[in-house]
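Remarks on the structure that follows.
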Amino acid sequence: MTEKYEGNAVAIGILALQGAFAEHQTALQKLSLTRKIEVILVRTVEDLDRCDALIIPGGESTTIALLARLSGVLQPLRDFVLKKPVWGTCAGAILLSQTVEGAKKGGQELLGGMSISIARNGWGSQVESFEADLDVAGLRDAERPFTGIFIRAPVVLTLAPSPDDPPIEVVARLSSDLLPEGFTSEDSANDPKTFVALRQGRHLLTTFHPELTQDNRFHDYFVRVCVFPATQ
Ligand SMILES: NC(=O)CC[C@H](N)C(=O)O
């Protein structure tokens with residue numbers, strides 16, 4: 001009998017405390033890959049310990065952080081981020097950042113992992129939600145635009161890798177003419193506010209919600225580019 005898959009199975013966790021974790025699960029399960037993956041909904045340290053990589057979904061970053069603290073997984077998550085690939089979408093992107101602006105009173109606990117600063121709800125109340133077609137060269141079938149769904153999305157403010165950090169790659173950017181009013185700048189092409197997907201080493205951050213489309217090419221990207229090379 002011929003083996004369908006190469007190598008060992010890879011366990012990909014989805015932090016399932018709050019937010020759009022079920023949608024990520026569906027998207028992962030529909031991937032067609034050369035290696036077998038096992039999808040784990042993570043609610044406890046024991047769940048996290050079984051994972052080779054993790055997705056932190058969109059939702060409310062303050063709620064996710066609070067529930068993580070109450071479940072005893074906040075510090076284990078911080079340790080995980082130092083060692084294994086993590087992808088944060090929207091609220092998850094906030095949690096993966098080094099610093100955040102616009103945190104609620106009482107502050108915002110972060111995991112870190114990506115050397116950037118980010119603004120919560122950075123588009124302001126006027127542009128709470130919008131969709132934009134993104135050209136993403138790293139995706140399979142790259143000539144087909146990816147529909148970015150932005151819901152009270154954070155905005156990347158600065159990239160600040162220190163010399164020892166892996167470089168940050170801009171995986172997707174908003175075309176500058178799609179930037180909301182008041183967001184245009186003289187050098188929009190290099191303005192971090194246009195950066196909506198970033199990769200730093202094995203970590204991926206998207207300020208939009210790939211799991212809310214039927215298009216799982218970002219899930220494919222994370223698994224192929226960030227997870228598989230880290231789990232040979
Ligand atoms: N769609 C989202 O994940 C919104 C993120 C939310 N604004 C937060 O600060 O956590």
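Quick note on naming: the chains in the structure tokens go A, B, ... in the order shown, residues restart at 1 in each chain, and ligands are numbered from 1 in order of appearance.
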- Task: Residues within 9 Å of ligand 1, counting only C-alpha atoms and all ligand atoms: report them as an MDAnalysis selection string.
- Result: chainID A and resid 19:20 57:64 89:95 102:104 119:122 129 150:154 207:209
Using the selection just defined, write its residues with N, CA and C atoms as a CSV table (one decimal), in the first residue's frame.
```
chain,number,residue,atom,x,y,z
A,19,GLY,N,-13.9,33.9,19.9
A,19,GLY,CA,-13.6,34.4,18.6
A,19,GLY,C,-13.8,33.3,17.5
A,20,ALA,N,-13.3,33.6,16.3
A,20,ALA,CA,-13.6,32.8,15.1
A,20,ALA,C,-12.7,31.6,14.9
A,57,PRO,N,-7.1,33.3,16.7
A,57,PRO,CA,-8.1,33.8,15.8
A,57,PRO,C,-8.5,35.3,16.1
A,58,GLY,N,-9.3,35.8,15.3
A,58,GLY,CA,-9.9,37.1,15.5
A,58,GLY,C,-11.0,37.0,16.6
A,59,GLY,N,-11.3,38.1,17.2
A,59,GLY,CA,-12.3,38.1,18.3
A,59,GLY,C,-12.1,39.4,19.0
A,60,GLU,N,-11.9,39.4,20.3
A,60,GLU,CA,-11.6,40.5,21.1
A,60,GLU,C,-10.3,40.2,21.8
A,61,SER,N,-9.2,41.0,21.5
A,61,SER,CA,-7.9,40.6,22.0
A,61,SER,C,-7.9,40.7,23.6
A,62,THR,N,-8.6,41.7,24.1
A,62,THR,CA,-8.6,41.8,25.6
A,62,THR,C,-9.3,40.6,26.2
A,63,THR,N,-10.4,40.2,25.6
A,63,THR,CA,-11.1,39.0,26.2
A,63,THR,C,-10.3,37.7,26.0
A,64,ILE,N,-9.6,37.6,24.9
A,64,ILE,CA,-8.8,36.4,24.7
A,64,ILE,C,-7.7,36.4,25.7
A,89,THR,N,-4.6,36.3,13.5
A,89,THR,CA,-5.5,37.1,12.7
A,89,THR,C,-6.2,38.1,13.5
A,90,CYS,N,-6.2,39.3,13.1
A,90,CYS,CA,-6.9,40.4,13.7
A,90,CYS,C,-6.7,40.6,15.2
A,91,ALA,N,-7.6,40.1,16.0
A,91,ALA,CA,-7.3,40.2,17.5
A,91,ALA,C,-6.0,39.4,17.8
A,92,GLY,N,-5.8,38.3,17.1
A,92,GLY,CA,-4.6,37.5,17.2
A,92,GLY,C,-3.4,38.2,16.8
A,93,ALA,N,-3.5,39.1,15.8
A,93,ALA,CA,-2.4,39.9,15.3
A,93,ALA,C,-2.0,40.9,16.4
A,94,ILE,N,-3.0,41.4,17.1
A,94,ILE,CA,-2.7,42.3,18.2
A,94,ILE,C,-1.9,41.6,19.3
A,95,LEU,N,-2.3,40.4,19.6
A,95,LEU,CA,-1.7,39.6,20.7
A,95,LEU,C,-0.2,39.3,20.3
A,102,GLY,N,-4.0,52.2,22.0
A,102,GLY,CA,-5.4,52.2,22.0
A,102,GLY,C,-5.9,51.0,22.9
A,103,ALA,N,-5.0,50.6,23.8
A,103,ALA,CA,-5.5,49.5,24.7
A,103,ALA,C,-6.6,50.0,25.6
A,104,LYS,N,-7.4,49.1,26.1
A,104,LYS,CA,-8.5,49.5,27.0
A,104,LYS,C,-7.8,49.9,28.3
A,119,ALA,N,-2.0,49.4,16.3
A,119,ALA,CA,-3.1,50.2,17.0
A,119,ALA,C,-4.4,49.4,16.9
A,120,ARG,N,-5.0,49.2,18.0
A,120,ARG,CA,-6.3,48.5,18.1
A,120,ARG,C,-7.3,49.4,17.4
A,121,ASN,N,-8.3,48.8,16.7
A,121,ASN,CA,-9.3,49.5,16.1
A,121,ASN,C,-8.8,50.7,15.3
A,122,GLY,N,-7.7,50.5,14.7
A,122,GLY,CA,-6.9,51.6,14.1
A,122,GLY,C,-7.6,52.4,13.0
A,129,SER,N,-15.6,48.4,9.3
A,129,SER,CA,-15.4,47.2,8.5
A,129,SER,C,-15.4,47.5,7.0
A,150,PHE,N,-11.9,43.1,6.7
A,150,PHE,CA,-11.3,43.8,7.8
A,150,PHE,C,-12.5,44.2,8.7
A,151,ILE,N,-12.4,43.7,10.0
A,151,ILE,CA,-13.5,44.0,10.9
A,151,ILE,C,-12.9,44.6,12.2
A,152,ARG,N,-13.2,45.9,12.4
A,152,ARG,CA,-12.5,46.6,13.5
A,152,ARG,C,-11.0,46.2,13.6
A,153,ALA,N,-10.4,46.3,12.5
A,153,ALA,CA,-9.1,45.8,12.3
A,153,ALA,C,-8.0,46.6,13.0
A,154,PRO,N,-7.0,46.0,13.4
A,154,PRO,CA,-5.8,46.8,13.9
A,154,PRO,C,-5.0,47.4,12.7
A,207,THR,N,-4.0,41.4,9.5
A,207,THR,CA,-4.9,42.2,10.2
A,207,THR,C,-6.4,42.0,9.8
A,208,PHE,N,-6.5,41.2,8.8
A,208,PHE,CA,-7.9,40.8,8.3
A,208,PHE,C,-8.2,39.4,8.6
A,209,HIS,N,-9.3,38.9,8.1
A,209,HIS,CA,-9.8,37.6,8.5
A,209,HIS,C,-9.9,36.6,7.4
```
All strand (DSSP E or B) positions in chain A, as a PDB file with N, CA and C atoms, in the first residue's frame:
```pdb
ATOM      1  N   VAL A  10       1.584  16.668  11.568  1.00  0.00           N
ATOM      2  CA  VAL A  10       1.906  17.919  12.241  1.00  0.00           C
ATOM      3  C   VAL A  10       0.639  18.403  12.950  1.00  0.00           C
ATOM      4  N   ALA A  11       0.786  18.732  14.239  1.00  0.00           N
ATOM      5  CA  ALA A  11      -0.381  19.160  15.018  1.00  0.00           C
ATOM      6  C   ALA A  11      -0.476  20.684  15.023  1.00  0.00           C
ATOM      7  N   ILE A  12      -1.551  21.184  14.449  1.00  0.00           N
ATOM      8  CA  ILE A  12      -1.757  22.637  14.409  1.00  0.00           C
ATOM      9  C   ILE A  12      -2.899  22.993  15.350  1.00  0.00           C
ATOM     10  N   GLY A  13      -2.583  23.794  16.360  1.00  0.00           N
ATOM     11  CA  GLY A  13      -3.592  24.198  17.329  1.00  0.00           C
ATOM     12  C   GLY A  13      -4.292  25.484  16.891  1.00  0.00           C
ATOM     13  N   ILE A  14      -5.514  25.645  17.354  1.00  0.00           N
ATOM     14  CA  ILE A  14      -6.226  26.916  17.180  1.00  0.00           C
ATOM     15  C   ILE A  14      -6.688  27.317  18.578  1.00  0.00           C
ATOM     16  N   LEU A  15      -6.259  28.486  19.029  1.00  0.00           N
ATOM     17  CA  LEU A  15      -6.658  28.935  20.360  1.00  0.00           C
ATOM     18  C   LEU A  15      -8.175  29.132  20.356  1.00  0.00           C
ATOM     19  N   ILE A  37      -2.006  16.742   8.617  1.00  0.00           N
ATOM     20  CA  ILE A  37      -2.088  17.630   9.774  1.00  0.00           C
ATOM     21  C   ILE A  37      -3.227  17.183  10.688  1.00  0.00           C
ATOM     22  N   GLU A  38      -2.993  17.430  11.967  1.00  0.00           N
ATOM     23  CA  GLU A  38      -4.039  17.177  12.962  1.00  0.00           C
ATOM     24  C   GLU A  38      -4.415  18.549  13.530  1.00  0.00           C
ATOM     25  N   VAL A  39      -5.693  18.842  13.613  1.00  0.00           N
ATOM     26  CA  VAL A  39      -6.128  20.145  14.108  1.00  0.00           C
ATOM     27  C   VAL A  39      -6.605  19.996  15.553  1.00  0.00           C
ATOM     28  N   ILE A  40      -6.062  20.836  16.429  1.00  0.00           N
ATOM     29  CA  ILE A  40      -6.382  20.736  17.866  1.00  0.00           C
ATOM     30  C   ILE A  40      -6.986  22.055  18.335  1.00  0.00           C
ATOM     31  N   LEU A  41      -8.167  22.018  18.918  1.00  0.00           N
ATOM     32  CA  LEU A  41      -8.718  23.236  19.535  1.00  0.00           C
ATOM     33  C   LEU A  41      -8.090  23.371  20.914  1.00  0.00           C
ATOM     34  N   VAL A  42      -7.421  24.508  21.135  1.00  0.00           N
ATOM     35  CA  VAL A  42      -6.599  24.665  22.343  1.00  0.00           C
ATOM     36  C   VAL A  42      -7.339  25.480  23.402  1.00  0.00           C
ATOM     37  N   ALA A  53       2.339  24.035  16.129  1.00  0.00           N
ATOM     38  CA  ALA A  53       2.129  25.404  15.650  1.00  0.00           C
ATOM     39  C   ALA A  53       0.762  25.843  16.162  1.00  0.00           C
ATOM     40  N   LEU A  54       0.494  27.146  16.063  1.00  0.00           N
ATOM     41  CA  LEU A  54      -0.756  27.649  16.642  1.00  0.00           C
ATOM     42  C   LEU A  54      -1.328  28.786  15.803  1.00  0.00           C
ATOM     43  N   ILE A  55      -2.657  28.836  15.729  1.00  0.00           N
ATOM     44  CA  ILE A  55      -3.358  29.980  15.134  1.00  0.00           C
ATOM     45  C   ILE A  55      -4.133  30.670  16.253  1.00  0.00           C
ATOM     46  N   ILE A  56      -3.996  31.996  16.312  1.00  0.00           N
ATOM     47  CA  ILE A  56      -4.782  32.777  17.274  1.00  0.00           C
ATOM     48  C   ILE A  56      -5.823  33.547  16.458  1.00  0.00           C
ATOM     49  N   VAL A  86       3.505  30.687  14.930  1.00  0.00           N
ATOM     50  CA  VAL A  86       2.194  31.177  15.359  1.00  0.00           C
ATOM     51  C   VAL A  86       1.679  32.150  14.301  1.00  0.00           C
ATOM     52  N   TRP A  87       0.400  32.043  13.998  1.00  0.00           N
ATOM     53  CA  TRP A  87      -0.273  32.975  13.083  1.00  0.00           C
ATOM     54  C   TRP A  87      -1.395  33.660  13.856  1.00  0.00           C
ATOM     55  N   GLY A  88      -1.387  34.969  13.880  1.00  0.00           N
ATOM     56  CA  GLY A  88      -2.449  35.728  14.527  1.00  0.00           C
ATOM     57  C   GLY A  88      -3.278  36.472  13.495  1.00  0.00           C
ATOM     58  N   THR A  89      -4.607  36.288  13.540  1.00  0.00           N
ATOM     59  CA  THR A  89      -5.488  37.053  12.655  1.00  0.00           C
ATOM     60  C   THR A  89      -6.244  38.082  13.490  1.00  0.00           C
ATOM     61  N   SER A  97       1.770  41.146  18.657  1.00  0.00           N
ATOM     62  CA  SER A  97       2.605  42.349  18.529  1.00  0.00           C
ATOM     63  C   SER A  97       3.389  42.614  19.811  1.00  0.00           C
ATOM     64  N   GLN A  98       4.435  43.435  19.633  1.00  0.00           N
ATOM     65  CA  GLN A  98       5.266  43.765  20.788  1.00  0.00           C
ATOM     66  C   GLN A  98       4.631  44.868  21.636  1.00  0.00           C
ATOM     67  N   THR A  99       4.066  45.873  20.958  1.00  0.00           N
ATOM     68  CA  THR A  99       3.395  46.952  21.691  1.00  0.00           C
ATOM     69  C   THR A  99       2.091  47.300  20.987  1.00  0.00           C
ATOM     70  N   VAL A 100       1.133  47.830  21.769  1.00  0.00           N
ATOM     71  CA  VAL A 100      -0.182  48.165  21.214  1.00  0.00           C
ATOM     72  C   VAL A 100      -0.584  49.562  21.667  1.00  0.00           C
ATOM     73  N   GLU A 101      -1.205  50.275  20.744  1.00  0.00           N
ATOM     74  CA  GLU A 101      -1.800  51.566  21.109  1.00  0.00           C
ATOM     75  C   GLU A 101      -3.300  51.402  21.153  1.00  0.00           C
ATOM     76  N   MET A 114       6.176  39.206  17.271  1.00  0.00           N
ATOM     77  CA  MET A 114       6.479  40.002  16.082  1.00  0.00           C
ATOM     78  C   MET A 114       6.961  41.371  16.556  1.00  0.00           C
ATOM     79  N   SER A 115       8.068  41.834  15.983  1.00  0.00           N
ATOM     80  CA  SER A 115       8.666  43.100  16.439  1.00  0.00           C
ATOM     81  C   SER A 115       7.983  44.287  15.774  1.00  0.00           C
ATOM     82  N   ILE A 116       6.733  44.487  16.122  1.00  0.00           N
ATOM     83  CA  ILE A 116       5.988  45.616  15.531  1.00  0.00           C
ATOM     84  C   ILE A 116       5.152  46.286  16.616  1.00  0.00           C
ATOM     85  N   SER A 117       4.721  47.523  16.319  1.00  0.00           N
ATOM     86  CA  SER A 117       3.679  48.117  17.151  1.00  0.00           C
ATOM     87  C   SER A 117       2.428  48.249  16.298  1.00  0.00           C
ATOM     88  N   ILE A 118       1.287  48.180  16.952  1.00  0.00           N
ATOM     89  CA  ILE A 118       0.002  48.077  16.251  1.00  0.00           C
ATOM     90  C   ILE A 118      -1.013  48.930  17.002  1.00  0.00           C
ATOM     91  N   ALA A 119      -2.017  49.429  16.297  1.00  0.00           N
ATOM     92  CA  ALA A 119      -3.086  50.195  16.956  1.00  0.00           C
ATOM     93  C   ALA A 119      -4.371  49.386  16.895  1.00  0.00           C
ATOM     94  N   SER A 129     -15.572  48.399   9.297  1.00  0.00           N
ATOM     95  CA  SER A 129     -15.403  47.180   8.529  1.00  0.00           C
ATOM     96  C   SER A 129     -15.371  47.495   7.045  1.00  0.00           C
ATOM     97  N   PHE A 130     -14.533  46.801   6.342  1.00  0.00           N
ATOM     98  CA  PHE A 130     -14.495  46.952   4.888  1.00  0.00           C
ATOM     99  C   PHE A 130     -13.839  45.721   4.274  1.00  0.00           C
ATOM    100  N   GLU A 131     -14.023  45.594   2.962  1.00  0.00           N
ATOM    101  CA  GLU A 131     -13.365  44.508   2.232  1.00  0.00           C
ATOM    102  C   GLU A 131     -12.456  45.110   1.192  1.00  0.00           C
ATOM    103  N   ALA A 132     -11.357  44.462   0.913  1.00  0.00           N
ATOM    104  CA  ALA A 132     -10.445  44.955  -0.111  1.00  0.00           C
ATOM    105  C   ALA A 132      -9.757  43.794  -0.799  1.00  0.00           C
ATOM    106  N   ASP A 133      -9.648  43.894  -2.103  1.00  0.00           N
ATOM    107  CA  ASP A 133      -8.906  42.882  -2.858  1.00  0.00           C
ATOM    108  C   ASP A 133      -7.423  43.085  -2.662  1.00  0.00           C
ATOM    109  N   LEU A 134      -6.727  42.015  -2.312  1.00  0.00           N
ATOM    110  CA  LEU A 134      -5.287  42.100  -2.055  1.00  0.00           C
ATOM    111  C   LEU A 134      -4.546  41.240  -3.073  1.00  0.00           C
ATOM    112  N   PHE A 146      -6.878  38.119  -3.316  1.00  0.00           N
ATOM    113  CA  PHE A 146      -7.441  37.551  -2.090  1.00  0.00           C
ATOM    114  C   PHE A 146      -8.351  38.608  -1.468  1.00  0.00           C
ATOM    115  N   THR A 147      -9.575  38.223  -1.124  1.00  0.00           N
ATOM    116  CA  THR A 147     -10.494  39.196  -0.522  1.00  0.00           C
ATOM    117  C   THR A 147     -10.176  39.353   0.966  1.00  0.00           C
ATOM    118  N   GLY A 148      -9.667  40.517   1.324  1.00  0.00           N
ATOM    119  CA  GLY A 148      -9.385  40.786   2.732  1.00  0.00           C
ATOM    120  C   GLY A 148     -10.633  41.329   3.410  1.00  0.00           C
ATOM    121  N   ILE A 149     -11.055  40.663   4.488  1.00  0.00           N
ATOM    122  CA  ILE A 149     -12.213  41.147   5.259  1.00  0.00           C
ATOM    123  C   ILE A 149     -11.668  41.777   6.536  1.00  0.00           C
ATOM    124  N   PHE A 150     -11.873  43.075   6.677  1.00  0.00           N
ATOM    125  CA  PHE A 150     -11.338  43.829   7.809  1.00  0.00           C
ATOM    126  C   PHE A 150     -12.499  44.203   8.734  1.00  0.00           C
ATOM    127  N   ILE A 151     -12.441  43.747   9.975  1.00  0.00           N
ATOM    128  CA  ILE A 151     -13.514  44.033  10.933  1.00  0.00           C
ATOM    129  C   ILE A 151     -12.894  44.646  12.186  1.00  0.00           C
ATOM    130  N   VAL A 155      -4.241  48.395  12.979  1.00  0.00           N
ATOM    131  CA  VAL A 155      -3.393  49.001  11.953  1.00  0.00           C
ATOM    132  C   VAL A 155      -1.939  48.921  12.418  1.00  0.00           C
ATOM    133  N   VAL A 156      -1.092  48.428  11.540  1.00  0.00           N
ATOM    134  CA  VAL A 156       0.334  48.343  11.857  1.00  0.00           C
ATOM    135  C   VAL A 156       0.917  49.764  11.866  1.00  0.00           C
ATOM    136  N   LEU A 157       1.630  50.097  12.924  1.00  0.00           N
ATOM    137  CA  LEU A 157       2.196  51.450  13.031  1.00  0.00           C
ATOM    138  C   LEU A 157       3.681  51.483  12.691  1.00  0.00           C
ATOM    139  N   THR A 158       4.443  50.583  13.284  1.00  0.00           N
ATOM    140  CA  THR A 158       5.888  50.578  13.010  1.00  0.00           C
ATOM    141  C   THR A 158       6.427  49.150  13.011  1.00  0.00           C
ATOM    142  N   LEU A 159       7.448  48.938  12.202  1.00  0.00           N
ATOM    143  CA  LEU A 159       8.192  47.684  12.235  1.00  0.00           C
ATOM    144  C   LEU A 159       9.490  48.006  12.955  1.00  0.00           C
ATOM    145  N   ILE A 168      11.491  41.239   8.804  1.00  0.00           N
ATOM    146  CA  ILE A 168      10.034  41.192   8.619  1.00  0.00           C
ATOM    147  C   ILE A 168       9.738  41.342   7.126  1.00  0.00           C
ATOM    148  N   GLU A 169       8.951  40.401   6.612  1.00  0.00           N
ATOM    149  CA  GLU A 169       8.566  40.460   5.205  1.00  0.00           C
ATOM    150  C   GLU A 169       7.123  40.951   5.100  1.00  0.00           C
ATOM    151  N   VAL A 170       6.898  41.908   4.203  1.00  0.00           N
ATOM    152  CA  VAL A 170       5.523  42.361   3.960  1.00  0.00           C
ATOM    153  C   VAL A 170       4.899  41.374   2.975  1.00  0.00           C
ATOM    154  N   VAL A 171       3.930  40.610   3.452  1.00  0.00           N
ATOM    155  CA  VAL A 171       3.306  39.562   2.638  1.00  0.00           C
ATOM    156  C   VAL A 171       2.138  40.130   1.824  1.00  0.00           C
ATOM    157  N   ALA A 172       1.429  41.097   2.398  1.00  0.00           N
ATOM    158  CA  ALA A 172       0.327  41.739   1.664  1.00  0.00           C
ATOM    159  C   ALA A 172       0.186  43.171   2.136  1.00  0.00           C
ATOM    160  N   ARG A 173      -0.134  44.033   1.177  1.00  0.00           N
ATOM    161  CA  ARG A 173      -0.379  45.437   1.542  1.00  0.00           C
ATOM    162  C   ARG A 173      -1.633  45.924   0.838  1.00  0.00           C
ATOM    163  N   PHE A 195       0.435  47.898   5.441  1.00  0.00           N
ATOM    164  CA  PHE A 195       0.884  46.507   5.599  1.00  0.00           C
ATOM    165  C   PHE A 195      -0.191  45.707   6.340  1.00  0.00           C
ATOM    166  N   VAL A 196      -0.773  44.747   5.673  1.00  0.00           N
ATOM    167  CA  VAL A 196      -1.885  44.018   6.304  1.00  0.00           C
ATOM    168  C   VAL A 196      -1.563  42.534   6.537  1.00  0.00           C
ATOM    169  N   ALA A 197      -0.453  42.072   5.992  1.00  0.00           N
ATOM    170  CA  ALA A 197       0.026  40.714   6.324  1.00  0.00           C
ATOM    171  C   ALA A 197       1.544  40.783   6.390  1.00  0.00           C
ATOM    172  N   LEU A 198       2.096  40.290   7.487  1.00  0.00           N
ATOM    173  CA  LEU A 198       3.546  40.329   7.712  1.00  0.00           C
ATOM    174  C   LEU A 198       4.005  38.956   8.157  1.00  0.00           C
ATOM    175  N   ARG A 199       5.225  38.621   7.743  1.00  0.00           N
ATOM    176  CA  ARG A 199       5.829  37.376   8.244  1.00  0.00           C
ATOM    177  C   ARG A 199       7.171  37.715   8.855  1.00  0.00           C
ATOM    178  N   GLN A 200       7.420  37.210  10.035  1.00  0.00           N
ATOM    179  CA  GLN A 200       8.738  37.368  10.658  1.00  0.00           C
ATOM    180  C   GLN A 200       9.177  35.978  11.090  1.00  0.00           C
ATOM    181  N   HIS A 203       6.587  33.277  12.151  1.00  0.00           N
ATOM    182  CA  HIS A 203       5.321  33.877  12.583  1.00  0.00           C
ATOM    183  C   HIS A 203       4.662  34.644  11.444  1.00  0.00           C
ATOM    184  N   LEU A 204       3.347  34.597  11.452  1.00  0.00           N
ATOM    185  CA  LEU A 204       2.553  35.289  10.432  1.00  0.00           C
ATOM    186  C   LEU A 204       1.496  36.122  11.137  1.00  0.00           C
ATOM    187  N   LEU A 205       1.241  37.282  10.575  1.00  0.00           N
ATOM    188  CA  LEU A 205       0.233  38.168  11.153  1.00  0.00           C
ATOM    189  C   LEU A 205      -0.618  38.692  10.005  1.00  0.00           C
ATOM    190  N   THR A 206      -1.940  38.620  10.156  1.00  0.00           N
ATOM    191  CA  THR A 206      -2.831  39.252   9.171  1.00  0.00           C
ATOM    192  C   THR A 206      -3.817  40.114   9.954  1.00  0.00           C
TER     193      THR A 206
END
```
request  = Can you check which residues of stretch 4-211 of chain A DSSP gives as alpha helix (DSSP H) on the backbone and send them as JSON, numbers by chain?
outcome  = {"A": [21, 22, 23, 24, 25, 26, 27, 28, 29, 45, 46, 47, 48, 49, 61, 62, 63, 64, 65, 66, 67, 68, 69, 70, 74, 75, 76, 77, 78, 79, 80, 81, 82, 83, 91, 92, 93, 94, 95, 96]}
- Suppose you want the space between atom CA of A:Gly112 and atom CA of A:Leu82; what is it in Å?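 Atom-to-atom, atom CA of A:Gly112 and atom CA of A:Leu82 are spaced 8.7 Å apart.
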**Study point:** Interatomic distance (Å, one decimal) between atom CA of A:Pro161 and atom CA of A:Leu74
**Key:**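 Spanning atom CA of A:Pro161 to atom CA of A:Leu74 is a straight-line distance of 23.3 Å.
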If you count only C-alpha atoms, which residues fall within 12 Å of A:Arg43, apart from same-chain ones fewer than 4 positions away, as a ChimeraX atom specification?
/A:13-18,21,47-51,54,56,64,67-74,76-77
Can those selected residues be exported to a file as a PDB file, in the first residue's frame so that it contains C-alpha atoms?
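Produced file selection.pdb, reproduced below:
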```pdb
ATOM      1  CA  GLY A  13      -3.592  24.198  17.329  1.00  0.00           C
ATOM      2  CA  ILE A  14      -6.226  26.916  17.180  1.00  0.00           C
ATOM      3  CA  LEU A  15      -6.658  28.935  20.360  1.00  0.00           C
ATOM      4  CA  ALA A  16     -10.331  28.317  21.103  1.00  0.00           C
ATOM      5  CA  LEU A  17     -11.106  30.595  24.055  1.00  0.00           C
ATOM      6  CA  GLN A  18     -13.139  33.179  22.126  1.00  0.00           C
ATOM      7  CA  PHE A  21     -11.774  29.556  15.903  1.00  0.00           C
ATOM      8  CA  ASP A  47      -3.847  20.961  24.520  1.00  0.00           C
ATOM      9  CA  LEU A  48      -1.096  23.496  23.809  1.00  0.00           C
ATOM     10  CA  ASP A  49       1.627  21.030  24.716  1.00  0.00           C
ATOM     11  CA  ARG A  50       0.485  18.753  21.880  1.00  0.00           C
ATOM     12  CA  CYS A  51       0.831  21.470  19.207  1.00  0.00           C
ATOM     13  CA  LEU A  54      -0.756  27.649  16.642  1.00  0.00           C
ATOM     14  CA  ILE A  56      -4.782  32.777  17.274  1.00  0.00           C
ATOM     15  CA  ILE A  64      -8.804  36.373  24.672  1.00  0.00           C
ATOM     16  CA  LEU A  67      -9.507  34.111  29.302  1.00  0.00           C
ATOM     17  CA  ALA A  68      -5.959  32.911  28.614  1.00  0.00           C
ATOM     18  CA  ARG A  69      -4.868  34.243  31.992  1.00  0.00           C
ATOM     19  CA  LEU A  70      -7.861  32.657  33.763  1.00  0.00           C
ATOM     20  CA  SER A  71      -7.214  29.310  32.049  1.00  0.00           C
ATOM     21  CA  GLY A  72      -3.540  29.381  32.997  1.00  0.00           C
ATOM     22  CA  VAL A  73      -2.358  29.412  29.367  1.00  0.00           C
ATOM     23  CA  LEU A  74      -1.085  33.005  29.113  1.00  0.00           C
ATOM     24  CA  PRO A  76       2.581  28.939  28.301  1.00  0.00           C
ATOM     25  CA  LEU A  77       1.435  30.855  25.190  1.00  0.00           C
TER      26      LEU A  77
END
```
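Nearest residue to A:Leu139 among A:Val225, A:Glu6, A:Glu46, A:Ala230 is A:Val225, counting only C-alpha atoms.
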- request: May I ask which of the residues A:Glu143, A:Thr26, A:Gln75, A:Arg224 is the closest one to A:Pro210, counting only C-alpha atoms?
  value: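 Once distances to A:Pro210 are computed over only C-alpha atoms, the minimum belongs to A:Thr26.
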- Task: Just give me the gap between atom CA of A:Ser175 and atom CA of A:Val223 in Å, one decimal is fine.
- Result: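 Result for atom CA of A:Ser175 versus atom CA of A:Val223: 25.9 Å, one decimal.
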